[in-house]
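Notes follow the structure.
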Amino acid sequence: MLFGRILSVLTPLAMVPSIIYCLMFTPKEATMGDLYRIIYFHIPCAWVATLAFFISFIFSIAYLAKRKAVYDSVAHRSSEIGLVFCVLATITGSVFATYTWGSPWNWDPRETSIVFLLMIYIAYLLLRWLIEDRDKKAAISAGYSIVAFLATPFLVFVMPRITSSLHPEQVGGLGLTKPMLYGVFGMLAGFTFLYLWILSLSQRLDMEEI
Amino acid sequence: MVASNLSKSFGSKMVFAGVSFDIEDEVWAIIGPNGSGKTTLLRIMAGLLKTSSGTMEWFDRKKKYEKFQLSGRIAMCSPDLGLYKEMTVFENARFFANLAGVPVPDFGVWGLSCHLEKRYQELSAGLKQRAKLMTAFAMARDVILLDEPEQHLDAEGKAILDNMVSSFGRLVVVATNNPWRDWRKIAQF
Amino acid sequence: MPQTIPGETGEKLRSFRALLAKEIKVAFRGRHLVGVGFGLAIVLSATLGFSLAGTKVSERVIASLLWIVVMFSSSDTLSRSFAKEEDEGTADQLRLRVPMPSVFLAKTLANAFFVLLIACVVFPLLCFWLGVRFSALPLVGLLVLIGCPALSFAQGFVGYLMSRGRALSAAYPVIVMPVILPLLVCLVLATSQALAEGTFSINLVVVIISESLAALVAGLVLVPYIEEE
């Protein structure tokens with residue numbers, strides 16, 4: 001409860017000034033002009049998706065070890081939130097790619113990875129939906145989440161080495177200046193608080209149901 | 001086998017609560033109508049299901065739940081448990097005897113000698129039940145749990161079963177809604 | 001007192017051998033491996049061969065088709081091998097006798113053999129119909145030998161999970177696909193290299209082997225946790 005209250009204050013405190021700063025006070029990019037500003041949304045979405053899936057993985061392990069319903073609820077809700085942000089990251093990435101690389105989809109390794117991640121977590125939620133018994137659902141989806149997550153290092157680290165990437169290696173590769181980086185970090189903080197807030201709310205709803 | 005204050009619920013549906021017993025080598029019965037939780041209790045005794053609350057201790061080990069310790073010490077025959085329908089009666093018996101590290105059972109005792117080469121799926125319901133009981137008795141080392149064992153059996157089959165139950169010599173637990181002997185009762189639901 | 005203590009190495013080996021033999025016997029006598037596995041392999045290969053007759057198909061496309069047909073032809077056999085035991089109540093019989101990780105391992109190994117058998121139908125047919133050069137066949141054969149067990153190892157745990165949840169086995173390909181996609185991509189890349197250049201990157205093989213072994217080990221470690229019900 002207290003955690004949720006703190007987050008309900010922290011989230012707007014971090015997000016509102018960051019959005020205003022990113023859209024109005026950061027400079028234009030040398031070649032892309034205002035177009036680049038979508039990264040203030042795209043990068044935090046991709047970050048929250050990764051964070052949410054990682055949290056889901058950790059809580060899946062915790063559930064199998066301790067069998068506490070609250071761990072299953074966190075793993076489940078976190079993967080749902082991760083999925084939403086993953087879709088947002090894909091859409092914003094596609095919009096950005098249309099104007100920079102000339103086509104919305106290029107099967108770039110990072111794009112490929114995101115499709116894999118989307119498929120994994122859609123399958124995870126489908127598996128949960130297919131199983132009716134609550135305890136079985138929790139244990140089995142935890143097992144699936146762990147094995148599916150184990151496949152992701154192969155996507156993130158191996159695939160880019162096998163095929164060439166259009167993505168910059170890191171954020172610095174985008175050629176961002178310091179004010180732009182401050183904007184990105186502000187948005188990252190805002191989105192992280194937003195994720196934690198949604199997670200704590202949905203998890204509280206789950207606990208009331210149980 | 002010692003149980004204290006066992007309860008089991010599936011989701012919000014409570015199956016039973018407050019079951020306690022301390023049983024040793026003898027024949028015991030769990031009696032109750034359909035849907036009263038006999039099978040669930042047997043599955044908990046076999047270590048196939050976990051209790052919702054309360055503790056279950058097997059043998060002399062004071063361990064709460066150790067399935068690997070249980071492996072091979074308890075045999076069970078229940079309508080939910082089957083044999084491989086693609087394999088013959090003999091192959092099924094030999095397979096499970098191999099897993100349990102025991103000799104292949106005596107088929108004659110169960111009147112199955114002339115059905116050895118038949119696949120399990122080709123048997124009638126009564127013969128299937130005999131094959132399942134035979135496999136369970138062959139593998140049972142310390143405990144045998146029987147869930148509605150008289151199901152589908154003819155008079156001869158029931159007599160064989162009765163004979164095997166009384167001569168087993170270790171712990172036998174029978175779950176039935178129709179006890180055909182006056183056994184000691186673990187629970188009457 | 002027990003005559004033999006479960007846990008002794010000889011005992012374990014004997015029961016493992018019995019489990020493996022049982023898998024093979026049940027699969028060949030049941031109708032699924034032959035009827036659905038081999039049946040789908042032949043029908044899909046023939047359909048593709050016929051549809052693509054007379055067209056120039058790139059190596060990448062041939063490699064993708066080869067592995068996708070193997071994957072879909074074997075998915076029914078793989079999912080049923082676990083689900084069948086739960087449906088027919090034989091899984092609980094095994095639970096009372098042997099640790100489930102050894103049942104899981106025996107099934108996964110037996111399934112590797114079945115996938116290999118299905119690939120032995122798919123690959124020659126498709127290679128023949130799609131006009132693959134003979135010189136590329138030994139390398140492709142080597143990839144089949146590595147890839148089929150890898151596919152089975154990577155899928156084993158998901159098959160086990162779905163059977164435990166009594167989830168619809170028809171949904172199996174949808175649930176398993178994301179987990180094996182990286183592996184499938186590597187297999188397709190290596191096979192298309194073998195078809196086009198007569199060689200393949202050893203890195204890809206390392207990835208294929210390491211990923212499938214990681215999935216197998218994860219399965220063996222996780223099975224006891226899922227079993228606790």
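So you can find residues: chains in the structure tokens are A, B, ... in the order shown, residues in each start at 1, and ligands are numbered from 1 in order.
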At a cut-off of 9 Å, using only C-alpha atoms, what residues contact segment 128-133 of chain C? Leave out same-chain residues fewer than 5 positions from it and give the result as a ChimeraX atom specification. /C:45-46,48-50,52-57,59,62,123,195
Could you please take those selected residues and save all heavy atoms as an mmCIF file, in the first residue's frame?
data_model
loop_
_atom_site.group_PDB
_atom_site.id
_atom_site.type_symbol
_atom_site.label_atom_id
_atom_site.label_comp_id
_atom_site.auth_asym_id
_atom_site.auth_seq_id
_atom_site.Cartn_x
_atom_site.Cartn_y
_atom_site.Cartn_z
ATOM 1 N N SER C 45 5.787 -32.862 -47.580
ATOM 2 C CA SER C 45 6.908 -32.819 -48.527
ATOM 3 C C SER C 45 6.380 -32.867 -49.954
ATOM 4 O O SER C 45 6.833 -32.103 -50.821
ATOM 5 C CB SER C 45 7.857 -33.994 -48.307
ATOM 6 O OG SER C 45 8.283 -34.022 -46.979
ATOM 7 N N ALA C 46 5.405 -33.752 -50.206
ATOM 8 C CA ALA C 46 4.868 -33.888 -51.554
ATOM 9 C C ALA C 46 4.167 -32.601 -51.980
ATOM 10 O O ALA C 46 4.336 -32.131 -53.102
ATOM 11 C CB ALA C 46 3.897 -35.062 -51.613
ATOM 12 N N LEU C 48 4.716 -29.553 -50.961
ATOM 13 C CA LEU C 48 5.697 -28.500 -51.248
ATOM 14 C C LEU C 48 6.417 -28.786 -52.560
ATOM 15 O O LEU C 48 6.619 -27.888 -53.380
ATOM 16 C CB LEU C 48 6.710 -28.405 -50.100
ATOM 17 C CG LEU C 48 6.183 -27.755 -48.833
ATOM 18 C CD1 LEU C 48 7.186 -27.890 -47.707
ATOM 19 C CD2 LEU C 48 5.902 -26.282 -49.098
ATOM 20 N N GLY C 49 6.808 -30.053 -52.751
ATOM 21 C CA GLY C 49 7.519 -30.427 -53.978
ATOM 22 C C GLY C 49 6.671 -30.095 -55.195
ATOM 23 O O GLY C 49 7.147 -29.490 -56.163
ATOM 24 N N PHE C 50 5.365 -30.420 -55.106
ATOM 25 C CA PHE C 50 4.458 -30.186 -56.225
ATOM 26 C C PHE C 50 4.257 -28.681 -56.446
ATOM 27 O O PHE C 50 4.327 -28.191 -57.574
ATOM 28 C CB PHE C 50 3.116 -30.872 -55.921
ATOM 29 C CG PHE C 50 2.060 -30.610 -56.956
ATOM 30 C CD1 PHE C 50 2.151 -31.174 -58.219
ATOM 31 C CD2 PHE C 50 0.978 -29.801 -56.663
ATOM 32 C CE1 PHE C 50 1.183 -30.928 -59.175
ATOM 33 C CE2 PHE C 50 0.000 -29.550 -57.610
ATOM 34 C CZ PHE C 50 0.107 -30.107 -58.872
ATOM 35 N N LEU C 52 6.141 -26.217 -55.724
ATOM 36 C CA LEU C 52 7.326 -25.461 -56.142
ATOM 37 C C LEU C 52 7.963 -26.039 -57.410
ATOM 38 O O LEU C 52 9.027 -25.570 -57.825
ATOM 39 C CB LEU C 52 8.352 -25.449 -54.999
ATOM 40 C CG LEU C 52 7.881 -24.753 -53.722
ATOM 41 C CD1 LEU C 52 8.848 -24.995 -52.577
ATOM 42 C CD2 LEU C 52 7.741 -23.256 -53.960
ATOM 43 N N ALA C 53 7.306 -27.056 -58.018
ATOM 44 C CA ALA C 53 7.896 -27.705 -59.190
ATOM 45 C C ALA C 53 8.156 -26.684 -60.293
ATOM 46 O O ALA C 53 7.318 -25.827 -60.581
ATOM 47 C CB ALA C 53 6.949 -28.795 -59.702
ATOM 48 N N GLY C 54 9.341 -26.764 -60.854
ATOM 49 C CA GLY C 54 9.668 -25.906 -61.997
ATOM 50 C C GLY C 54 10.092 -24.499 -61.618
ATOM 51 O O GLY C 54 10.399 -23.691 -62.482
ATOM 52 N N THR C 55 10.111 -24.188 -60.310
ATOM 53 C CA THR C 55 10.558 -22.834 -59.930
ATOM 54 C C THR C 55 11.959 -22.926 -59.339
ATOM 55 O O THR C 55 12.346 -23.970 -58.800
ATOM 56 C CB THR C 55 9.642 -22.205 -58.875
ATOM 57 O OG1 THR C 55 9.525 -23.136 -57.804
ATOM 58 C CG2 THR C 55 8.284 -21.875 -59.421
ATOM 59 N N LYS C 56 12.675 -21.829 -59.421
ATOM 60 C CA LYS C 56 14.008 -21.805 -58.827
ATOM 61 C C LYS C 56 13.842 -21.377 -57.373
ATOM 62 O O LYS C 56 13.406 -20.261 -57.092
ATOM 63 C CB LYS C 56 14.879 -20.810 -59.614
ATOM 64 C CG LYS C 56 16.262 -20.602 -59.046
ATOM 65 C CD LYS C 56 17.242 -21.647 -59.557
ATOM 66 C CE LYS C 56 18.591 -21.540 -58.859
ATOM 67 N NZ LYS C 56 18.747 -22.451 -57.740
ATOM 68 N N VAL C 57 14.152 -22.274 -56.459
ATOM 69 C CA VAL C 57 13.984 -21.965 -55.044
ATOM 70 C C VAL C 57 15.360 -21.717 -54.427
ATOM 71 O O VAL C 57 16.280 -22.508 -54.638
ATOM 72 C CB VAL C 57 13.287 -23.132 -54.310
ATOM 73 C CG1 VAL C 57 12.916 -22.731 -52.910
ATOM 74 C CG2 VAL C 57 12.058 -23.587 -55.067
ATOM 75 N N GLU C 59 18.388 -21.396 -51.644
ATOM 76 C CA GLU C 59 18.849 -22.338 -50.606
ATOM 77 C C GLU C 59 18.218 -22.009 -49.256
ATOM 78 O O GLU C 59 17.900 -22.900 -48.475
ATOM 79 C CB GLU C 59 20.382 -22.297 -50.469
ATOM 80 C CG GLU C 59 21.137 -23.034 -51.547
ATOM 81 C CD GLU C 59 21.267 -22.241 -52.836
ATOM 82 O OE1 GLU C 59 20.919 -21.044 -52.838
ATOM 83 O OE2 GLU C 59 21.710 -22.827 -53.845
ATOM 84 N N ILE C 62 14.754 -23.420 -49.209
ATOM 85 C CA ILE C 62 14.780 -24.887 -49.079
ATOM 86 C C ILE C 62 15.078 -25.269 -47.627
ATOM 87 O O ILE C 62 14.391 -26.103 -47.027
ATOM 88 C CB ILE C 62 15.845 -25.515 -50.014
ATOM 89 C CG1 ILE C 62 15.478 -25.275 -51.475
ATOM 90 C CG2 ILE C 62 15.971 -27.023 -49.761
ATOM 91 C CD1 ILE C 62 16.478 -25.825 -52.470
ATOM 92 N N PHE C 123 13.827 -35.213 -45.348
ATOM 93 C CA PHE C 123 14.992 -34.670 -46.059
ATOM 94 C C PHE C 123 15.207 -35.307 -47.437
ATOM 95 O O PHE C 123 15.333 -34.580 -48.422
ATOM 96 C CB PHE C 123 16.251 -34.747 -45.184
ATOM 97 C CG PHE C 123 16.409 -33.529 -44.325
ATOM 98 C CD1 PHE C 123 15.562 -33.328 -43.244
ATOM 99 C CD2 PHE C 123 17.353 -32.573 -44.600
ATOM 100 C CE1 PHE C 123 15.667 -32.190 -42.456
ATOM 101 C CE2 PHE C 123 17.476 -31.428 -43.821
ATOM 102 C CZ PHE C 123 16.639 -31.248 -42.754
ATOM 103 N N LEU C 195 23.947 -25.835 -48.121
ATOM 104 C CA LEU C 195 23.398 -26.039 -49.467
ATOM 105 C C LEU C 195 24.060 -25.111 -50.490
ATOM 106 O O LEU C 195 24.341 -25.506 -51.611
ATOM 107 C CB LEU C 195 21.884 -25.778 -49.457
ATOM 108 C CG LEU C 195 21.008 -26.800 -48.728
ATOM 109 C CD1 LEU C 195 19.568 -26.311 -48.646
ATOM 110 C CD2 LEU C 195 21.057 -28.150 -49.422
#
Please, which residues of chain A lie no more than 7 Å from chain C when the count uses only C-alpha atoms, and can they be set out as a short mmCIF file (atom, residue, chain, number, x, y, z; two decimals) with all heavy atoms, in the first residue's frame?
data_model
loop_
_atom_site.label_atom_id
_atom_site.label_comp_id
_atom_site.auth_asym_id
_atom_site.auth_seq_id
_atom_site.Cartn_x
_atom_site.Cartn_y
_atom_site.Cartn_z
N LEU A 64 8.52 -21.08 -7.92
CA LEU A 64 8.80 -22.52 -7.90
C LEU A 64 9.53 -22.91 -6.63
O LEU A 64 9.35 -24.01 -6.10
CB LEU A 64 9.63 -22.92 -9.12
CG LEU A 64 8.85 -23.06 -10.43
CD1 LEU A 64 9.75 -23.63 -11.51
CD2 LEU A 64 7.62 -23.95 -10.28
N PHE A 116 10.57 -12.31 -31.31
CA PHE A 116 10.70 -13.53 -30.51
C PHE A 116 10.15 -13.31 -29.10
O PHE A 116 9.39 -14.12 -28.58
CB PHE A 116 12.17 -13.95 -30.40
CG PHE A 116 12.72 -14.61 -31.64
CD1 PHE A 116 14.06 -14.94 -31.73
CD2 PHE A 116 11.90 -14.90 -32.72
CE1 PHE A 116 14.56 -15.54 -32.87
CE2 PHE A 116 12.39 -15.50 -33.86
CZ PHE A 116 13.73 -15.82 -33.94
N MET A 119 6.46 -13.18 -29.09
CA MET A 119 5.90 -14.53 -29.26
C MET A 119 5.99 -15.33 -27.96
O MET A 119 5.06 -16.03 -27.58
CB MET A 119 6.64 -15.29 -30.37
CG MET A 119 6.24 -14.84 -31.75
SD MET A 119 7.25 -15.62 -33.00
CE MET A 119 6.78 -17.31 -32.81
N ILE A 120 7.14 -15.21 -27.29
CA ILE A 120 7.34 -15.96 -26.04
C ILE A 120 6.27 -15.58 -25.02
O ILE A 120 5.63 -16.43 -24.42
CB ILE A 120 8.75 -15.70 -25.46
CG1 ILE A 120 9.80 -16.45 -26.27
CG2 ILE A 120 8.83 -16.10 -23.98
CD1 ILE A 120 11.22 -16.17 -25.85
N ALA A 123 2.76 -16.57 -25.94
CA ALA A 123 2.60 -18.01 -25.66
C ALA A 123 2.46 -18.24 -24.16
O ALA A 123 1.67 -19.08 -23.73
CB ALA A 123 3.79 -18.78 -26.21
N LEU A 127 -0.68 -20.00 -22.53
CA LEU A 127 -0.54 -21.20 -21.71
C LEU A 127 -1.29 -21.01 -20.39
O LEU A 127 -2.00 -21.92 -19.92
CB LEU A 127 0.95 -21.48 -21.43
CG LEU A 127 1.29 -22.74 -20.69
CD1 LEU A 127 0.91 -23.96 -21.52
CD2 LEU A 127 2.79 -22.81 -20.40
N LEU A 130 -4.92 -21.42 -20.99
CA LEU A 130 -5.34 -22.78 -21.32
C LEU A 130 -5.49 -23.68 -20.09
O LEU A 130 -6.18 -24.68 -20.12
CB LEU A 130 -4.33 -23.44 -22.27
CG LEU A 130 -4.35 -23.00 -23.74
CD1 LEU A 130 -3.19 -23.61 -24.50
CD2 LEU A 130 -5.66 -23.40 -24.39
N ILE A 131 -4.78 -23.33 -19.00
CA ILE A 131 -4.81 -24.20 -17.82
C ILE A 131 -5.76 -23.60 -16.79
O ILE A 131 -5.65 -22.41 -16.46
CB ILE A 131 -3.40 -24.33 -17.22
CG1 ILE A 131 -2.46 -24.91 -18.28
CG2 ILE A 131 -3.40 -25.23 -15.99
CD1 ILE A 131 -1.01 -24.84 -17.91
N LYS A 136 -1.68 -25.32 -10.69
CA LYS A 136 -1.00 -25.88 -11.86
C LYS A 136 -0.59 -24.78 -12.81
O LYS A 136 0.51 -24.76 -13.33
CB LYS A 136 -1.93 -26.86 -12.60
CG LYS A 136 -1.86 -28.24 -12.04
CD LYS A 136 -2.48 -29.25 -12.94
CE LYS A 136 -2.16 -30.63 -12.39
NZ LYS A 136 -3.09 -31.63 -12.82
N LYS A 137 -1.54 -23.85 -13.02
CA LYS A 137 -1.28 -22.72 -13.92
C LYS A 137 -0.02 -21.98 -13.46
O LYS A 137 0.87 -21.69 -14.26
CB LYS A 137 -2.49 -21.78 -13.86
CG LYS A 137 -2.41 -20.61 -14.81
CD LYS A 137 -3.40 -19.53 -14.42
CE LYS A 137 -4.82 -20.02 -14.39
NZ LYS A 137 -5.74 -19.35 -15.27
N ALA A 139 2.51 -22.99 -11.44
CA ALA A 139 3.76 -23.75 -11.51
C ALA A 139 4.21 -23.95 -12.95
O ALA A 139 5.39 -23.78 -13.28
CB ALA A 139 3.58 -25.10 -10.82
N ILE A 140 3.27 -24.27 -13.82
CA ILE A 140 3.62 -24.58 -15.19
C ILE A 140 4.05 -23.34 -15.95
O ILE A 140 5.05 -23.35 -16.68
CB ILE A 140 2.45 -25.31 -15.87
CG1 ILE A 140 2.41 -26.73 -15.31
CG2 ILE A 140 2.58 -25.33 -17.38
CD1 ILE A 140 1.14 -27.44 -15.51
N GLY A 143 7.54 -22.46 -14.92
CA GLY A 143 8.53 -23.30 -15.61
C GLY A 143 8.73 -22.83 -17.04
O GLY A 143 9.86 -22.72 -17.52
N TYR A 144 7.62 -22.50 -17.71
CA TYR A 144 7.72 -22.06 -19.11
C TYR A 144 8.48 -20.74 -19.19
O TYR A 144 9.35 -20.56 -20.05
CB TYR A 144 6.32 -21.90 -19.69
CG TYR A 144 6.32 -21.49 -21.15
CD1 TYR A 144 6.50 -22.45 -22.14
CD2 TYR A 144 6.18 -20.17 -21.53
CE1 TYR A 144 6.53 -22.10 -23.48
CE2 TYR A 144 6.20 -19.80 -22.87
CZ TYR A 144 6.38 -20.77 -23.83
OH TYR A 144 6.41 -20.42 -25.16
N VAL A 147 12.28 -21.33 -18.85
CA VAL A 147 12.90 -21.92 -20.04
C VAL A 147 12.88 -20.95 -21.21
O VAL A 147 13.85 -20.84 -21.96
CB VAL A 147 12.21 -23.24 -20.40
CG1 VAL A 147 12.66 -23.76 -21.73
CG2 VAL A 147 12.52 -24.27 -19.34
N ALA A 148 11.76 -20.21 -21.34
CA ALA A 148 11.67 -19.26 -22.44
C ALA A 148 12.69 -18.14 -22.25
O ALA A 148 13.35 -17.72 -23.20
CB ALA A 148 10.26 -18.68 -22.51
N ALA A 151 16.15 -18.76 -23.40
CA ALA A 151 16.41 -18.68 -24.84
C ALA A 151 16.80 -17.26 -25.25
O ALA A 151 17.39 -17.07 -26.31
CB ALA A 151 15.18 -19.14 -25.62
N PHE A 154 20.38 -16.06 -26.30
CA PHE A 154 20.74 -16.45 -27.65
C PHE A 154 20.24 -15.41 -28.65
O PHE A 154 20.86 -15.16 -29.66
CB PHE A 154 20.18 -17.84 -27.98
CG PHE A 154 20.86 -18.92 -27.20
CD1 PHE A 154 20.36 -19.33 -25.97
CD2 PHE A 154 22.00 -19.51 -27.68
CE1 PHE A 154 21.00 -20.30 -25.24
CE2 PHE A 154 22.65 -20.49 -26.96
CZ PHE A 154 22.15 -20.89 -25.73
N LEU A 155 19.12 -14.80 -28.30
CA LEU A 155 18.58 -13.77 -29.18
C LEU A 155 19.38 -12.49 -29.07
O LEU A 155 19.77 -11.89 -30.06
CB LEU A 155 17.13 -13.45 -28.79
CG LEU A 155 16.12 -14.57 -28.88
CD1 LEU A 155 14.81 -14.13 -28.29
CD2 LEU A 155 15.95 -14.94 -30.33
#
Determine which residues of segment 30-130 of chain B DSSP labels as strand (DSSP E or B) from the backbone of this structure, then write them out as a ChimeraX atom specification. /B:30-31,53-57,74-77,88,119
Mind running chain A against chain B at 12 Å and telling me each contacting residue's nearest atom pair with the distance in Å (one decimal), counting only C-alpha atoms, chain and number ascending, as a tab-separated table?
residue	atom	partner	partner_atom	distance
A:Ala69	CA	B:Gly11	CA	11.8
A:Glu132	CA	B:Gly11	CA	10.3
A:Asp133	CA	B:Gly11	CA	7.6
A:Arg134	CA	B:Gly11	CA	6.9
A:Asp135	CA	B:Gly11	CA	8.0
A:Lys136	CA	B:Phe10	CA	10.7
A:Lys137	CA	B:Gly11	CA	11.8
A:Glu209	CA	B:Ser12	CA	11.5
A:Ile210	CA	B:Ser12	CA	9.4
Residue list for chain B near chain C as a PyMOL selection string, 9 Å, only C-alpha atoms: chain B and resi 46-51+67-77+79-87+95-96+98-102+139+141-142
Which residues, written as an MDAnalysis selection string, have at least one atom at most 9 Å from Arg130 of chain B, with only C-alpha atoms counted and residues fewer than 3 positions away on the same chain left out? chainID B and resid 110:112 125:127 133:135 153 157 161
May I have the residues from that selection written out with N, CA, C and O atoms, as a CSV table (one decimal), in the first residue's frame?
chain,number,residue,atom,x,y,z
B,110,TRP,N,-3.8,-64.8,-10.6
B,110,TRP,CA,-4.9,-63.9,-11.0
B,110,TRP,C,-5.7,-64.4,-12.2
B,110,TRP,O,-6.5,-63.6,-12.7
B,111,GLY,N,-5.5,-65.6,-12.6
B,111,GLY,CA,-6.3,-66.2,-13.7
B,111,GLY,C,-6.0,-65.5,-15.0
B,111,GLY,O,-6.8,-65.4,-15.9
B,112,LEU,N,-4.7,-65.0,-15.2
B,112,LEU,CA,-4.4,-64.3,-16.4
B,112,LEU,C,-3.5,-65.0,-17.4
B,112,LEU,O,-3.0,-64.5,-18.4
B,125,ALA,N,-13.1,-55.2,-19.2
B,125,ALA,CA,-12.9,-54.3,-18.0
B,125,ALA,C,-12.4,-55.1,-16.8
B,125,ALA,O,-11.5,-54.7,-16.0
B,126,GLY,N,-13.0,-56.3,-16.6
B,126,GLY,CA,-12.7,-57.1,-15.4
B,126,GLY,C,-11.2,-57.6,-15.5
B,126,GLY,O,-10.5,-57.6,-14.5
B,127,LEU,N,-10.8,-58.1,-16.7
B,127,LEU,CA,-9.4,-58.5,-16.8
B,127,LEU,C,-8.4,-57.4,-16.7
B,127,LEU,O,-7.3,-57.6,-16.1
B,133,LEU,N,-4.4,-54.9,-10.7
B,133,LEU,CA,-4.2,-55.3,-9.3
B,133,LEU,C,-2.9,-56.2,-9.2
B,133,LEU,O,-2.1,-56.1,-8.3
B,134,MET,N,-2.8,-57.1,-10.2
B,134,MET,CA,-1.6,-58.0,-10.2
B,134,MET,C,-0.3,-57.1,-10.2
B,134,MET,O,0.6,-57.4,-9.4
B,135,THR,N,-0.3,-56.1,-11.1
B,135,THR,CA,0.9,-55.3,-11.2
B,135,THR,C,1.2,-54.6,-9.8
B,135,THR,O,2.3,-54.5,-9.3
B,153,LEU,N,-14.8,-56.5,-11.0
B,153,LEU,CA,-14.4,-57.9,-10.8
B,153,LEU,C,-15.6,-58.9,-10.6
B,153,LEU,O,-16.6,-58.5,-10.1
B,157,GLY,N,-12.8,-63.1,-9.2
B,157,GLY,CA,-11.8,-62.0,-9.1
B,157,GLY,C,-11.8,-61.5,-7.7
B,157,GLY,O,-10.8,-61.2,-7.1
B,161,LEU,N,-8.8,-61.3,-5.0
B,161,LEU,CA,-8.5,-60.0,-4.3
B,161,LEU,C,-8.5,-60.1,-2.8
B,161,LEU,O,-7.6,-59.7,-2.1
Residue set, segment 5-182 of chain B restricted to alpha helix (DSSP H), as a VMD selection string: chain B and resid 38 to 45 67 to 70 89 to 100 125 to 139 155 to 167
Export of the given selection (C-alpha atoms) as a PDB file, in the first residue's frame:
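Final file, result_12.pdb:
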ATOM      1  CA  LYS B  38     -11.471 -41.064  -0.721  1.00  0.00           C
ATOM      2  CA  THR B  39      -9.353 -40.982  -3.867  1.00  0.00           C
ATOM      3  CA  THR B  40      -7.833 -37.639  -2.921  1.00  0.00           C
ATOM      4  CA  LEU B  41      -6.858 -39.004   0.489  1.00  0.00           C
ATOM      5  CA  LEU B  42      -5.320 -42.105  -1.123  1.00  0.00           C
ATOM      6  CA  ARG B  43      -3.355 -39.955  -3.557  1.00  0.00           C
ATOM      7  CA  ILE B  44      -2.027 -37.922  -0.632  1.00  0.00           C
ATOM      8  CA  MET B  45      -1.059 -41.167   1.124  1.00  0.00           C
ATOM      9  CA  LYS B  67       8.809 -38.291  -2.945  1.00  0.00           C
ATOM     10  CA  PHE B  68      12.112 -39.843  -3.905  1.00  0.00           C
ATOM     11  CA  GLN B  69      12.240 -41.688  -0.596  1.00  0.00           C
ATOM     12  CA  LEU B  70       8.806 -43.003  -1.395  1.00  0.00           C
ATOM     13  CA  VAL B  89      -0.214 -58.027 -20.183  1.00  0.00           C
ATOM     14  CA  PHE B  90       3.141 -59.782 -19.900  1.00  0.00           C
ATOM     15  CA  GLU B  91       5.116 -56.787 -21.197  1.00  0.00           C
ATOM     16  CA  ASN B  92       3.325 -54.451 -18.800  1.00  0.00           C
ATOM     17  CA  ALA B  93       4.001 -56.760 -15.853  1.00  0.00           C
ATOM     18  CA  ARG B  94       7.647 -57.204 -16.851  1.00  0.00           C
ATOM     19  CA  PHE B  95       8.144 -53.461 -17.398  1.00  0.00           C
ATOM     20  CA  PHE B  96       6.809 -52.485 -13.978  1.00  0.00           C
ATOM     21  CA  ALA B  97       8.610 -55.410 -12.306  1.00  0.00           C
ATOM     22  CA  ASN B  98      11.830 -54.158 -13.906  1.00  0.00           C
ATOM     23  CA  LEU B  99      11.236 -50.649 -12.588  1.00  0.00           C
ATOM     24  CA  ALA B 100      10.517 -51.955  -9.111  1.00  0.00           C
ATOM     25  CA  ALA B 125     -12.873 -54.331 -18.019  1.00  0.00           C
ATOM     26  CA  GLY B 126     -12.679 -57.116 -15.421  1.00  0.00           C
ATOM     27  CA  LEU B 127      -9.442 -58.541 -16.824  1.00  0.00           C
ATOM     28  CA  LYS B 128      -7.959 -55.059 -17.033  1.00  0.00           C
ATOM     29  CA  GLN B 129      -8.718 -54.609 -13.346  1.00  0.00           C
ATOM     30  CA  ARG B 130      -7.062 -57.963 -12.571  1.00  0.00           C
ATOM     31  CA  ALA B 131      -3.961 -56.974 -14.565  1.00  0.00           C
ATOM     32  CA  LYS B 132      -3.762 -53.663 -12.691  1.00  0.00           C
ATOM     33  CA  LEU B 133      -4.197 -55.336  -9.305  1.00  0.00           C
ATOM     34  CA  MET B 134      -1.600 -57.966 -10.180  1.00  0.00           C
ATOM     35  CA  THR B 135       0.930 -55.307 -11.161  1.00  0.00           C
ATOM     36  CA  ALA B 136       0.244 -53.326  -7.997  1.00  0.00           C
ATOM     37  CA  PHE B 137       0.572 -56.356  -5.706  1.00  0.00           C
ATOM     38  CA  ALA B 138       3.768 -57.458  -7.471  1.00  0.00           C
ATOM     39  CA  MET B 139       5.378 -54.072  -6.904  1.00  0.00           C
ATOM     40  CA  ALA B 155     -16.967 -63.409  -7.942  1.00  0.00           C
ATOM     41  CA  GLU B 156     -13.727 -65.277  -8.704  1.00  0.00           C
ATOM     42  CA  GLY B 157     -11.821 -62.041  -9.104  1.00  0.00           C
ATOM     43  CA  LYS B 158     -13.186 -60.740  -5.792  1.00  0.00           C
ATOM     44  CA  ALA B 159     -12.131 -63.967  -4.074  1.00  0.00           C
ATOM     45  CA  ILE B 160      -8.573 -63.643  -5.440  1.00  0.00           C
ATOM     46  CA  LEU B 161      -8.457 -60.012  -4.339  1.00  0.00           C
ATOM     47  CA  ASP B 162      -9.748 -60.891  -0.887  1.00  0.00           C
ATOM     48  CA  ASN B 163      -7.136 -63.585  -0.567  1.00  0.00           C
ATOM     49  CA  MET B 164      -4.307 -61.287  -1.693  1.00  0.00           C
ATOM     50  CA  VAL B 165      -5.418 -58.495   0.661  1.00  0.00           C
ATOM     51  CA  SER B 166      -5.521 -60.786   3.703  1.00  0.00           C
ATOM     52  CA  SER B 167      -2.214 -62.500   2.891  1.00  0.00           C
TER      53      SER B 167
END
